[in-house]
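The file query06.txt contains compact mmCIF, C-alpha atoms:
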# COMPACT_ATOMS: atom_id res chain seq x y z
CA MET N 1 32.10 108.58 60.31
CA GLY N 2 28.86 106.58 59.92
CA ASP N 3 27.96 106.41 56.22
CA LEU N 4 31.42 107.15 54.85
CA LYS N 5 32.50 104.08 52.90
CA PRO N 6 35.94 102.66 53.72
CA LYS N 7 37.30 103.35 50.21
CA HIS N 8 36.05 106.96 50.48
CA THR N 9 37.69 107.28 53.88
CA ASP N 10 40.96 106.18 52.29
CA LEU N 11 40.45 108.55 49.35
CA VAL N 12 39.82 111.51 51.67
CA LYS N 13 42.86 110.59 53.75
CA ARG N 14 45.06 110.36 50.65
CA ILE N 15 43.81 113.74 49.39
CA ARG N 16 44.51 115.28 52.81
CA GLU N 17 48.06 113.95 52.47
CA GLY N 18 48.46 115.64 49.06
CA ASP N 19 48.00 112.57 46.81
CA LYS N 20 47.24 114.04 43.37
CA SER N 21 46.07 110.72 41.92
CA ALA N 22 43.49 110.39 44.72
CA PHE N 23 42.30 113.92 43.96
CA GLU N 24 42.06 113.09 40.24
CA THR N 25 40.03 109.98 41.11
CA LEU N 26 37.62 112.13 43.10
CA PHE N 27 37.47 114.70 40.30
CA TYR N 28 36.76 112.28 37.47
CA LYS N 29 34.28 110.20 39.45
CA TYR N 30 31.90 113.08 40.22
CA TYR N 31 32.77 116.04 37.96
CA ALA N 32 30.23 115.49 35.17
CA ARG N 33 27.32 114.71 37.51
CA LEU N 34 28.14 117.69 39.70
CA CYS N 35 28.16 119.97 36.63
CA VAL N 36 24.70 118.73 35.65
CA PHE N 37 23.49 119.32 39.21
CA SER N 38 24.97 122.82 39.38
CA ASN N 39 23.37 123.58 36.02
CA THR N 40 19.92 123.05 37.57
CA TYR N 41 20.68 126.12 39.67
CA VAL N 42 22.82 128.35 37.47
CA LYS N 43 21.21 127.48 34.11
CA SER N 44 24.49 127.61 32.22
CA ILE N 45 26.74 124.63 31.56
CA ASP N 46 29.82 126.87 31.32
CA THR N 47 29.00 128.51 34.64
CA SER N 48 28.24 125.15 36.23
CA ARG N 49 31.69 123.92 35.16
CA ASP N 50 33.23 126.98 36.81
CA VAL N 51 31.21 126.40 39.98
CA VAL N 52 32.26 122.74 40.22
CA GLN N 53 35.88 123.56 39.46
CA ASP N 54 35.79 126.18 42.23
CA VAL N 55 34.59 123.50 44.66
CA TYR N 56 37.42 121.18 43.65
CA ILE N 57 39.97 124.00 43.87
CA LYS N 58 38.78 124.80 47.40
CA ILE N 59 39.11 121.14 48.36
CA TRP N 60 42.65 120.95 47.02
CA ASP N 61 43.72 124.33 48.43
CA ASN N 62 42.41 123.30 51.87
CA LYS N 63 43.26 119.60 51.59
CA GLU N 64 44.93 119.52 55.02
CA ASN N 65 41.51 120.30 56.54
CA PHE N 66 39.51 117.98 54.25
CA HIS N 67 37.45 115.98 56.75
CA ILE N 68 34.15 114.32 55.85
CA THR N 69 31.55 113.28 58.43
CA GLN N 70 28.83 112.29 55.96
CA SER N 71 28.83 110.41 52.66
CA LEU N 72 31.43 111.79 50.26
CA LYS N 73 28.79 112.02 47.51
CA ALA N 74 26.47 114.04 49.76
CA TYR N 75 29.39 116.28 50.81
CA LEU N 76 30.26 117.09 47.18
CA TYR N 77 26.65 117.76 46.17
CA GLN N 78 26.18 120.00 49.21
CA ALA N 79 29.37 121.92 48.40
CA VAL N 80 28.26 122.38 44.77
CA ARG N 81 24.78 123.44 45.89
CA ASN N 82 26.25 126.05 48.23
CA GLN N 83 28.70 127.31 45.60
CA SER N 84 25.88 127.49 43.02
CA LEU N 85 23.71 129.47 45.43
CA ASN N 86 26.62 131.82 46.15
CA TYR N 87 27.05 132.35 42.42
CA LEU N 88 23.32 133.04 42.00
CA GLU N 89 23.33 135.51 44.85
CA LYS N 90 26.14 137.44 43.17
CA ASN N 91 24.56 137.29 39.72
CA SER N 92 20.83 137.16 40.44
CA GLN N 93 19.69 140.17 38.43
CA LYS N 94 21.66 139.12 35.34
CA LEU N 95 20.31 135.55 35.55
CA ARG N 96 16.73 136.75 36.00
CA LEU N 97 16.96 138.68 32.75
CA GLN N 98 18.42 135.67 30.95
CA ASP N 99 15.61 133.41 32.26
CA ASP N 100 12.98 135.93 31.15
CA LEU N 101 14.47 136.06 27.65
CA THR N 102 14.61 132.26 27.44
CA ARG N 103 10.98 131.91 28.53
CA GLN N 104 9.91 134.58 26.05
CA ARG N 105 11.68 132.74 23.21
CA GLU N 106 9.99 129.46 24.19
CA ILE N 107 6.58 131.12 24.18
CA GLU N 108 7.24 132.81 20.83
CA SER N 109 8.46 129.58 19.23
CA GLY N 110 5.23 127.77 20.21
CA GLU N 111 6.83 124.64 21.65
CA HIS N 112 3.56 123.26 23.06
CA GLU N 113 2.17 120.14 21.37
CA THR N 114 -0.88 118.14 22.36
CA VAL N 115 0.14 114.61 21.29
CA LEU N 116 2.80 113.27 23.61
CA ASN N 117 5.13 110.39 22.87
CA THR N 118 7.48 109.11 25.56
CA GLU N 119 10.21 111.65 24.79
CA GLU N 120 7.73 114.50 24.69
CA LEU N 121 6.16 113.34 27.97
CA SER N 122 9.57 113.26 29.60
CA GLU N 123 10.32 116.72 28.29
CA LYS N 124 6.99 118.01 29.57
CA ILE N 125 7.63 116.50 33.00
CA TRP N 126 11.01 118.19 33.27
CA LYS N 127 9.47 121.51 32.24
CA LEU N 128 6.95 121.03 35.06
CA VAL N 129 9.83 120.30 37.42
CA GLU N 130 11.22 123.72 36.54
CA GLN N 131 7.97 125.24 37.88
CA LEU N 132 8.43 123.64 41.29
CA PRO N 133 9.63 125.84 44.15
CA GLU N 134 13.45 125.92 44.26
CA ARG N 135 13.96 123.55 47.19
CA ARG N 136 11.36 121.06 45.96
CA ARG N 137 12.88 121.15 42.47
CA ALA N 138 16.39 120.54 43.84
CA ILE N 139 15.15 117.56 45.87
CA PHE N 140 13.39 116.08 42.85
CA ILE N 141 16.47 116.49 40.65
CA LEU N 142 18.84 115.04 43.25
CA TYR N 143 16.61 111.98 43.54
CA ARG N 144 15.56 111.42 39.91
CA LYS N 145 18.62 112.59 37.97
CA HIS N 146 21.45 112.02 40.42
CA GLY N 147 20.23 108.95 42.26
CA LEU N 148 20.78 110.23 45.78
CA SER N 149 18.83 108.53 48.55
CA TYR N 150 16.36 110.51 50.66
CA LYS N 151 18.91 110.38 53.49
CA GLU N 152 21.71 111.74 51.27
CA ILE N 153 19.42 114.45 49.94
CA GLY N 154 18.61 115.39 53.53
CA GLU N 155 22.33 115.76 54.24
CA VAL N 156 22.93 117.82 51.08
CA MET N 157 19.96 120.10 51.66
CA GLU N 158 20.39 120.19 55.45
CA ILE N 159 16.82 118.99 56.06
CA SER N 160 15.29 115.84 57.54
CA ARG N 161 14.68 112.66 55.56
CA LYS N 162 10.95 113.06 56.32
CA THR N 163 10.96 116.54 54.76
CA VAL N 164 12.57 115.07 51.65
CA GLU N 165 9.81 112.43 51.51
CA ASN N 166 7.08 115.06 51.88
CA GLN N 167 8.61 117.32 49.23
CA MET N 168 8.96 114.41 46.76
CA GLY N 169 5.30 113.49 47.37
CA ARG N 170 4.20 117.06 46.69
CA SER N 171 6.35 117.20 43.54
CA LEU N 172 4.82 114.01 42.17
CA GLN N 173 1.30 115.17 43.05
CA PHE N 174 1.88 118.48 41.23
CA ILE N 175 3.22 116.72 38.14
CA ARG N 176 0.30 114.25 38.08
CA GLU N 177 -2.22 117.09 38.42
CA GLN N 178 -0.61 119.10 35.63
CA LEU N 179 -0.52 116.11 33.30
CA ASP N 180 -4.08 115.04 34.28
CA LEU N 181 -2.86 111.52 35.15
Mind turning the file's structure into structure tokens?
Amino acid sequence: MGDLKPKHTDLVKRIREGDKSAFETLFYKYYARLCVFSNTYVKSIDTSRDVVQDVYIKIWDNKENFHITQSLKAYLYQAVRNQSLNYLEKNSQKLRLQDDLTRQREIESGEHETVLNTEELSEKIWKLVEQLPERRRAIFILYRKHGLSYKEIGEVMEISRKTVENQMGRSLQFIREQLDL
């Protein structure tokens, strides 16, 4: 069980036994953050809510088999990542068209400014993050927005901690180069 905290072990056990309040605790603790994370993949807050709800429904429907061998947080993020990727696979052509339209609108509206205040710099950085390759972008978001450790990200993404380190380094190098820092 390694990294699984004792209170999470108890929570998982209670959910496995059908304890609705334990399930609600799990739901409310992570739901909003998981929606934000899913949204980085599916690019729609409504769809991300559906994706996260599907994950929770699967957990509840299969509660008797709900066993965690990693951190609960990493387990949930990994489940949401997989569900988001499944959604994208099923809807890839439709989403590609939506992304193209969004990019076209941004270009037409001329959102590029040269003087950057802190908010504008932050916005520019996150736009650069969107240009990162998918896996590198997901790692960056899990670390910067969701506060997962390199080890937890490795568990979620099914890669080594060292790979996470390397990908974060490359992300930061790319951002610095693009911002001429």
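Rounded to one decimal, CA of Val52 (chain N) and CA of Arg16 (chain N) lie 19.1 Å from each other.
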What is the CA of Thr9 (chain N)-CA of Thr25 (chain N) distance in Å, reported with one decimal?
-> 13.3 Å
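Rounded to one decimal, CA of Leu132 (chain N) and CA of Ile45 (chain N) lie 20.8 Å from each other.
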Leaving out region 55-71 of chain N and any residue of its chain fewer than 2 positions from it, which residues lie within 9 Å of it when counting all atoms listed in the file, given as a VMD selection string?
-> chain N and resid 1 to 5 8 to 9 12 to 13 15 to 18 23 27 31 50 to 53 73 to 76 79 to 80 83 152 155
Do a neighbour search on Tyr87 (chain N) at 10 Å with all atoms listed in the file, toss out local chain neighbours closer than 3 positions, and write the hits as an mmCIF file with C-alpha atoms, in the frame of the given file.
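Generated file (part32.cif):
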data_model
loop_
_atom_site.group_PDB
_atom_site.id
_atom_site.type_symbol
_atom_site.label_atom_id
_atom_site.label_comp_id
_atom_site.auth_asym_id
_atom_site.auth_seq_id
_atom_site.Cartn_x
_atom_site.Cartn_y
_atom_site.Cartn_z
ATOM 1 C CA TYR N 41 20.680 126.120 39.670
ATOM 2 C CA VAL N 42 22.820 128.350 37.470
ATOM 3 C CA THR N 47 29.000 128.510 34.640
ATOM 4 C CA SER N 48 28.240 125.150 36.230
ATOM 5 C CA ASP N 50 33.230 126.980 36.810
ATOM 6 C CA VAL N 51 31.210 126.400 39.980
ATOM 7 C CA ARG N 81 24.780 123.440 45.890
ATOM 8 C CA ASN N 82 26.250 126.050 48.230
ATOM 9 C CA GLN N 83 28.700 127.310 45.600
ATOM 10 C CA SER N 84 25.880 127.490 43.020
ATOM 11 C CA LYS N 90 26.140 137.440 43.170
ATOM 12 C CA ASN N 91 24.560 137.290 39.720
ATOM 13 C CA SER N 92 20.830 137.160 40.440
#
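The shortest atom-to-atom distance to Leu128 (chain N), with all atoms listed in the file taken into account, belongs to N:Arg176 out of N:Lys162, N:Arg176, N:Arg144, N:Lys151.
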Shortest interatomic distance to Trp126 (chain N) - which of N:Leu72, N:Ile141, N:Ala32, N:Leu26, counting all atoms listed in the file | N:Ile141
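Between Ala138 (chain N) and the residues N:Tyr30, N:Asn86, N:Phe37, N:Ile175, the shortest atom-to-atom distance, using only C-alpha atoms, involves N:Phe37.
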Padded axis-aligned box of region 80-93 of chain N (5 Å per side), centre and edge lengths, Å, one decimal, as lines of an AutoDock Vina configuration file:
center_x = 24.2
center_y = 131.3
center_z = 43.3
size_x = 19.0
size_y = 27.8
size_z = 19.8
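Considering all atoms listed in the file, the residue among N:Arg14, N:Arg161, N:Arg136, N:Lys127 positioned nearest to Ser149 (chain N) is N:Arg161.
Distances to Gln78 (chain N) were evaluated for N:Leu142, N:Val164, N:Leu179, N:Leu11 using only C-alpha atoms, and the minimum falls at N:Leu142.
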